[in-house]
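Engineer: Right, I'll just put the structure down here and ask away after.
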Amino acid sequence: MPKKNYCSGHPDRKSDFYIEFTPAESGSICIEIQSNSKVLHGSKLNQASIKALSDLGIKHGKLSVRDNGGQYFVLLARIEDAVKSAIPNIIAEVLPDFKKHAQYKSKFDRFRRSRLYLPGNQAKLMLNAGIHKPDAIILDLEDSVAPNEKTSARFIVRNALRHLDFFGAERMVRINQGKLGLKDLETVIPHNVHLILVPKVEEASQLEEVDNKIQSICEKFNRKDPVFLMPILESATGILNSVEIAKASKNNVSIAIGLEDYTADIGVERTNKGRESIFARSQTINAARSAGIQAIDTVFSDVSNEESLRESVREAKELGFEGKGCIHPRQIKPIHEEFAPSKAEINKATKIVLAFDKATRKGLGVVAIGSKMIDPPVVKRAQKTMEIAVITGLIPNNWKQK
Amino acid sequence: MGQKLKLVKNAAGRQVPIMVNGIKTVPYKGVGKYSPKGVKAAPPIRSCNDYPASGNKIVRSLKEALQKCNIKDGMTISNHHHFRNGDLVMNQVFDTASKMGVKNLRWFPSASFPCHEPMIQHLENGVIHHIEGSMNGPLGNYASEGKMKGLAVLRSHGGRWQAIQDGEVHIDIAIIAAPTADSFGNCTGDQGPSACGLLGFGLADALYADHVIVVTDNLVDFPCIPWQIQGNNVDHVVMLDKIGEPDKIVSGTTQITKSPDRLYIAELTAKFVKAAGIIKEGFSFQAGAGGTALAFAIYLREFMRTANIKARFIRAGSTKYLVEMLEEGFTDYILDGQTFDLEGVRSMRENSGHINTSPFTSYNWHGKGNFASMLDLVVLGATEVDINFNANVVTHSDGKMLHGIGGWQNCLFSKCTILPIPSFRNRIPIIVDEVTTLVGPDELIDVIVTERGIAINPKRTDLIKSTKRSGLPIRKIEEIKEEVDSLVGAPLDKPEFTDEVVGVVKWVDGTIIDSIFKIKNE
């Protein structure tokens, strides 16, 4: 076998590792570690490297580890990536402990007001992401990951799903398109991912393919709880097929629109006013509502412009969207504040919910305020309004008692 | 060279030497437990008769000034650090001393910076015997490797004043770099091309040294107004072309952190002090110029705006943000120890509510009181905190000595001391079982605010009670530690130390609270 180095990572990227693996047919294992924190981490880095190689069944070869301050779950992922690029047929994985805090569940109709995109190969951004309390965290394997990092990002995301605490945020992964995406699923599904974002969906069949793949993985790993889906519509065809797409799987909990690609597809400039996408957005909302699921708006990417973000969220809310994508933790609070109900909305909803409770207590089938009858969808909406008001901190948890 | 010294266990259970650089020292006895008796040190008697009646004390060069001060082997040379990393004077002073053939000097700066890296060559060739003063950067590294001939003695700003007044450190020649001066030696920091705001750290040096040399690049006709340092204490005045690099003395504008985690910590800190009832009419606080502390001040200002509350005074490290608070009427006064940006310098020059102070007024143990203990709130950083609330600012968990104490120890005496710190840096947890070096004792550290929750010192039952129903993430410090340890893979290895001491950390009263040992070579 010719001597060749197989590597993972970038030699100078901070909070990460750079790994080189040189396979050999015989001889012992040689591990070389370059680190500024050898005093505190030397023996642990060595142990972790030995364990990773042993998990992968490697008995010979040279591994060099350049430590730029990454976390251990990244080290394991990088070693796995480098070794597997040398010996692609290894099936074994190097898995960090599955922490208890990584095993909470989600539910079908939870709030998805904010979803924070994090590049799947940048673990540093993931460590404290949950502290900022987004409704969801998306570990992204698609557009934010360069082609040569696709495999390592997959391992890093898998390990992050097992190791990190996202403090109650819904655990989402955006997979790649096509075959690559199906491979992504094999790696992440067994590790309590709650929801898969499927990019650039144009046909219901694409979604069915993803759904079927997930089912087969779930069966293999005996996973019982559902894996939710959020298809992203990013083209004219996708928008026109949105009704079928929204209804394509019982695991669909929402559909999202991606305007960057959509506007390119229809051949217009994306503007702040957004007149060019008014049809697409309305169509998305109607398709979602007709399937009984949430409509989620595109990402707002101008991180430093809070006022425009707020304006954009207000508009999304007016149109009927229930969530917005973001790429920086500082966008979360404005999004939640703008999705929160106004005082008038809260007052109105309070009356409706209390009237409903009273009717239920009395065993009445009809809810009424004064002489006005209240329909069930209105009650449901009011209940949701109050729930958002509670989680945004606008009213106390026990508001009914006050 | 690290030194094998006789060590004793002090009241904090730390091993400390009883002799440091040939002087007998007192081991730490506990907070407020040590009060030396006797008479303070004083400079020699001088007479105006011996100085030019014209008031003109200008000499031609640094060399001539040092000659006139009778510079000799073994003397102590001091300076203030208001020029921070932009100082162009001290390297020249020691270069000159080196050319004059002087050896074994003790350098006694109020702090040293990376710009002073050339001093390593003077330490190597014997011009400087050792440094006593905060060491930031390469000099800290050099000292922690045990290469310095004498022990590093780390003192707080207040402790430096105390050591001078105790007579523990006698300054032979004080160098006062002055952005503006007159030929009599009156000088000020708030004007001139190298303006640094004030000269408070040089005040003790001017009062207690045998000889005082003022070095300036902006000579004005007598009188230099204001005279932050009085020419009556000055022996000689030297003119140089350039004494500092303005952009390294003060930054154009200080930057608030952009890190979402640190902003979160700053906001949490502000919410905590609000919940604890500390923000009330006429209160006072001190927050440094670090990114998190600045962000904290901004959140605090918003609370003050909403609640229509005004502070009586802010102790600073002044920055543009504190200046805005003064100008917008959120405080009556800024009592300033050092200016960190150009706005701070401008405000000090123009605003009668922006007052220049010194370690004497703010921090000194041998004063009849000081301002630090009067503060309602102080917000500080740390490299490590242990589960008993002891804290470290001078070494890292790997044992390297990298930071000075500054006013940190002195500030701990405020009514409420809060450390807003990230719970880990890279893979290094900040909350540890035991601090590598003890710099601040547990009883003075009240609250730790991390991105993973707030821990209140169990001794502060009042704070625990007042914030109980705040809805803030108040947790046991052990619980936060456990969470972070699990995240970063702790427990980690520990640095191995030899039994050779490379430095000592003084407590504010002059006793020795801890030793820094040489790290074993791998």
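Letters A, B, ... mark the chains of the structure tokens in the order given; residue numbers begin at 1 per chain; ligand numbers begin at 1, in order shown.
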Select from segment 55-190 of chain A everything DSSP, run on the backbone, classes as strand (DSSP E), then give the selection as a ChimeraX atom specification.
Structural biologist: /A:61-67,114-119,136-140,170-174
Engineer: Within 10 Å of Met19 of chain B, counting only C-alpha atoms, which residues qualify if same-chain residues fewer than 5 places away don't, as a PyMOL selection string?
Structural biologist: chain B and resi 5-7+24-27
Engineer: Which polymer residues have any atom within 12 Å of an atom of Pro52 of chain B, counting only C-alpha atoms, with same-chain residues fewer than 4 positions away left out, as a PyMOL selection string?
Structural biologist: chain B and resi 47-48+56-59+183-184+232+234-236
Engineer: When you get a sec, could you note down which chain B residues fall within 6 Å of chain A, using only C-alpha atoms, as a PyMOL selection string?
Structural biologist: chain B and resi 426+492-495
Engineer: Restricted to N, CA and C atoms, what would the selected residues look like written as a PDB file, in the first residue's frame?
Structural biologist:
```pdb
ATOM      1  N   ASN B 426     -12.645  27.229  25.748  1.00  0.00           N
ATOM      2  CA  ASN B 426     -12.271  26.043  24.975  1.00  0.00           C
ATOM      3  C   ASN B 426     -12.641  24.789  25.759  1.00  0.00           C
ATOM      4  N   LEU B 492      -9.678  16.985  34.366  1.00  0.00           N
ATOM      5  CA  LEU B 492      -8.495  17.060  33.518  1.00  0.00           C
ATOM      6  C   LEU B 492      -7.257  16.669  34.325  1.00  0.00           C
ATOM      7  N   ASP B 493      -6.144  16.553  33.614  1.00  0.00           N
ATOM      8  CA  ASP B 493      -4.877  16.374  34.319  1.00  0.00           C
ATOM      9  C   ASP B 493      -4.568  17.659  35.077  1.00  0.00           C
ATOM     10  N   LYS B 494      -3.675  17.547  36.032  1.00  0.00           N
ATOM     11  CA  LYS B 494      -3.246  18.743  36.762  1.00  0.00           C
ATOM     12  C   LYS B 494      -1.808  19.063  36.374  1.00  0.00           C
ATOM     13  N   PRO B 495      -1.469  20.362  36.359  1.00  0.00           N
ATOM     14  CA  PRO B 495      -0.060  20.675  36.094  1.00  0.00           C
ATOM     15  C   PRO B 495       0.795  20.152  37.251  1.00  0.00           C
TER      16      PRO B 495
END
```
Engineer: Mind checking which residues fall within 8 Å of Ala287 of chain B, counting only C-alpha atoms, ignoring those fewer than 2 positions away in the same chain, and posting them as a PDB file with N, CA and C atoms, in the first residue's frame?
Structural biologist:
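What landed in around.pdb:
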```pdb
ATOM      1  N   PHE B 285     -21.393  51.903  41.609  1.00  0.00           N
ATOM      2  CA  PHE B 285     -20.856  50.635  41.113  1.00  0.00           C
ATOM      3  C   PHE B 285     -19.540  50.846  40.385  1.00  0.00           C
ATOM      4  N   ALA B 289     -13.291  47.478  31.926  1.00  0.00           N
ATOM      5  CA  ALA B 289     -13.384  47.788  30.499  1.00  0.00           C
ATOM      6  C   ALA B 289     -13.427  46.537  29.644  1.00  0.00           C
ATOM      7  N   ALA B 293     -18.053  43.334  30.915  1.00  0.00           N
ATOM      8  CA  ALA B 293     -18.352  44.382  31.886  1.00  0.00           C
ATOM      9  C   ALA B 293     -18.999  45.583  31.198  1.00  0.00           C
ATOM     10  N   LEU B 294     -18.509  45.919  29.997  1.00  0.00           N
ATOM     11  CA  LEU B 294     -19.096  47.043  29.260  1.00  0.00           C
ATOM     12  C   LEU B 294     -20.545  46.744  28.895  1.00  0.00           C
ATOM     13  N   ALA B 297     -22.743  47.196  31.790  1.00  0.00           N
ATOM     14  CA  ALA B 297     -23.053  48.604  32.086  1.00  0.00           C
ATOM     15  C   ALA B 297     -24.193  49.104  31.196  1.00  0.00           C
ATOM     16  N   ARG B 315     -17.236  54.125  39.903  1.00  0.00           N
ATOM     17  CA  ARG B 315     -15.778  54.016  39.929  1.00  0.00           C
ATOM     18  C   ARG B 315     -15.349  53.394  38.605  1.00  0.00           C
ATOM     19  N   ALA B 316     -14.261  53.902  38.057  1.00  0.00           N
ATOM     20  CA  ALA B 316     -13.890  53.433  36.719  1.00  0.00           C
ATOM     21  C   ALA B 316     -12.380  53.338  36.633  1.00  0.00           C
ATOM     22  N   GLY B 317     -11.808  52.791  35.724  1.00  0.00           N
ATOM     23  CA  GLY B 317     -11.756  52.467  34.326  1.00  0.00           C
ATOM     24  C   GLY B 317     -12.805  53.117  33.437  1.00  0.00           C
ATOM     25  N   VAL B 378     -19.592  45.712  42.542  1.00  0.00           N
ATOM     26  CA  VAL B 378     -18.463  45.691  41.623  1.00  0.00           C
ATOM     27  C   VAL B 378     -18.526  44.418  40.789  1.00  0.00           C
ATOM     28  N   VAL B 379     -18.178  44.577  39.527  1.00  0.00           N
ATOM     29  CA  VAL B 379     -18.256  43.487  38.562  1.00  0.00           C
ATOM     30  C   VAL B 379     -16.843  43.228  38.035  1.00  0.00           C
ATOM     31  N   LEU B 380     -16.343  42.010  38.239  1.00  0.00           N
ATOM     32  CA  LEU B 380     -14.949  41.692  37.925  1.00  0.00           C
ATOM     33  C   LEU B 380     -14.834  40.402  37.131  1.00  0.00           C
TER      34      LEU B 380
END
```
Engineer: Which residues are near Ile31 of chain A? Cut-off 12 Å, only C-alpha atoms, ignore same chain within fewer than 3 positions. Put them as a list in words.
Structural biologist: Ile19, Glu20, Phe21, Thr22, Pro23, Ser28, Gln34, Gly42, Ser43, Leu45, Asn46, Gln47, Ala48, Ser49, Ile50, Lys51, Ala52, Leu53, Lys59, His60, Gly61, Lys62, Leu63, Ser64, Val65, Arg66 and Ile79 of chain A
Engineer: Report as an mmCIF file with C-alpha atoms, in the first residue's frame all protein, DNA and RNA residues lying within 8 Å of Ile296 of chain A, evaluated on only C-alpha atoms, omitting residues in the same chain fewer than 2 positions from it.
Structural biologist:
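For reference, result27.cif as written:
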```cif
data_model
loop_
_atom_site.group_PDB
_atom_site.id
_atom_site.type_symbol
_atom_site.label_atom_id
_atom_site.label_comp_id
_atom_site.auth_asym_id
_atom_site.auth_seq_id
_atom_site.Cartn_x
_atom_site.Cartn_y
_atom_site.Cartn_z
ATOM 1 C CA ARG A 112 -41.465 26.496 16.189
ATOM 2 C CA ARG A 113 -41.213 30.286 16.250
ATOM 3 C CA SER A 254 -44.746 22.158 8.982
ATOM 4 C CA ILE A 255 -43.584 23.410 5.641
ATOM 5 C CA ALA A 256 -41.016 26.136 5.292
ATOM 6 C CA ILE A 257 -40.218 28.486 2.475
ATOM 7 C CA GLN A 294 -47.489 24.993 10.535
ATOM 8 C CA THR A 298 -37.601 31.896 5.500
ATOM 9 C CA PHE A 321 -46.495 32.191 9.398
ATOM 10 C CA GLU A 322 -45.752 30.692 12.779
ATOM 11 C CA GLY A 323 -41.997 30.683 12.692
ATOM 12 C CA LYS A 324 -38.877 32.306 11.296
ATOM 13 C CA GLY A 325 -35.393 31.002 10.615
#
```
Engineer: When you count only C-alpha atoms, which of these residues is closest to Ala178 of chain B: B:Tyr142, B:Trp507, B:Tyr299, B:Trp227?
Structural biologist: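 Ranked by minimum distance to Ala178 of chain B, first place goes to B:Trp227.
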Engineer: Tell me which protein, DNA and RNA residues are within 8 Å of Gly440 of chain B, counting only C-alpha atoms, leaving out same-chain ones fewer than 6 positions away, and put them as a PDB file with C-alpha atoms, in the first residue's frame.
Structural biologist:
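part.pdb written:
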```
ATOM      1  CA  ASN B 390     -12.181  31.387  46.097  1.00  0.00           C
ATOM      2  CA  ALA B 391     -10.952  33.032  42.916  1.00  0.00           C
ATOM      3  CA  ASN B 392      -7.820  33.379  40.835  1.00  0.00           C
ATOM      4  CA  GLN B 409      -8.257  42.333  45.127  1.00  0.00           C
ATOM      5  CA  LEU B 412     -13.491  42.651  46.446  1.00  0.00           C
TER       6      LEU B 412
END
```
Engineer: What's the separation between atom CA of Lys105 of chain A and atom CA of Ala316 of chain A, in Å to one decimal place?
Structural biologist: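 Going from atom CA of Lys105 of chain A over to atom CA of Ala316 of chain A covers 27.8 Å.
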Engineer: Could you tell me which of A:Asp143, A:Asp55, A:Asp261, A:Asp135 comes closest to Pro119 of chain A if we count only C-alpha atoms?
Structural biologist: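 Closest to Pro119 of chain A, using only C-alpha atoms: A:Asp143.
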Engineer: Using Å and a single decimal, report how far atom CA of Ile334 of chain B sits from atom CA of Gly404 of chain B.
Structural biologist: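 Result for atom CA of Gly404 of chain B versus atom CA of Ile334 of chain B: 24.0 Å, one decimal.
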Engineer: Of the candidates A:Val299, A:Val366, A:Val313, A:Ile214, which shows the shortest atom-to-atom distance to Ile232 of chain A, using only C-alpha atoms?
Structural biologist: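 Checking each of A:Val299, A:Val366, A:Val313, A:Ile214 against Ile232 of chain A, counting only C-alpha atoms, the winner is A:Val299.
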Engineer: Tell me, which residues of segment 337-496 of chain B carry DSSP alpha helix (DSSP H), written as a PyMOL selection string?
Structural biologist: chain B and resi 342-350+359-362+408-411+461-466+477-488
Engineer: State, in Å with one decimal place, the distance from atom CA of Ala92 of chain A to atom CA of Leu182 of chain A.
Structural biologist: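 Atom CA of Ala92 of chain A sits 18.5 Å away from atom CA of Leu182 of chain A.
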Engineer: Name the closest residue to Ile71 of chain B among the candidates B:Ala174, B:Val31, B:Ala163, B:Met148; distances are taken between atoms, counting only C-alpha atoms.
Structural biologist: B:Ala174
Engineer: Between B:Ile309, B:Ile298, B:Lys274, B:Glu479, single out the one closest to Ser466 of chain B, counting only C-alpha atoms.
Structural biologist: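 Using only C-alpha atoms, Ser466 of chain B sits closest to B:Lys274.
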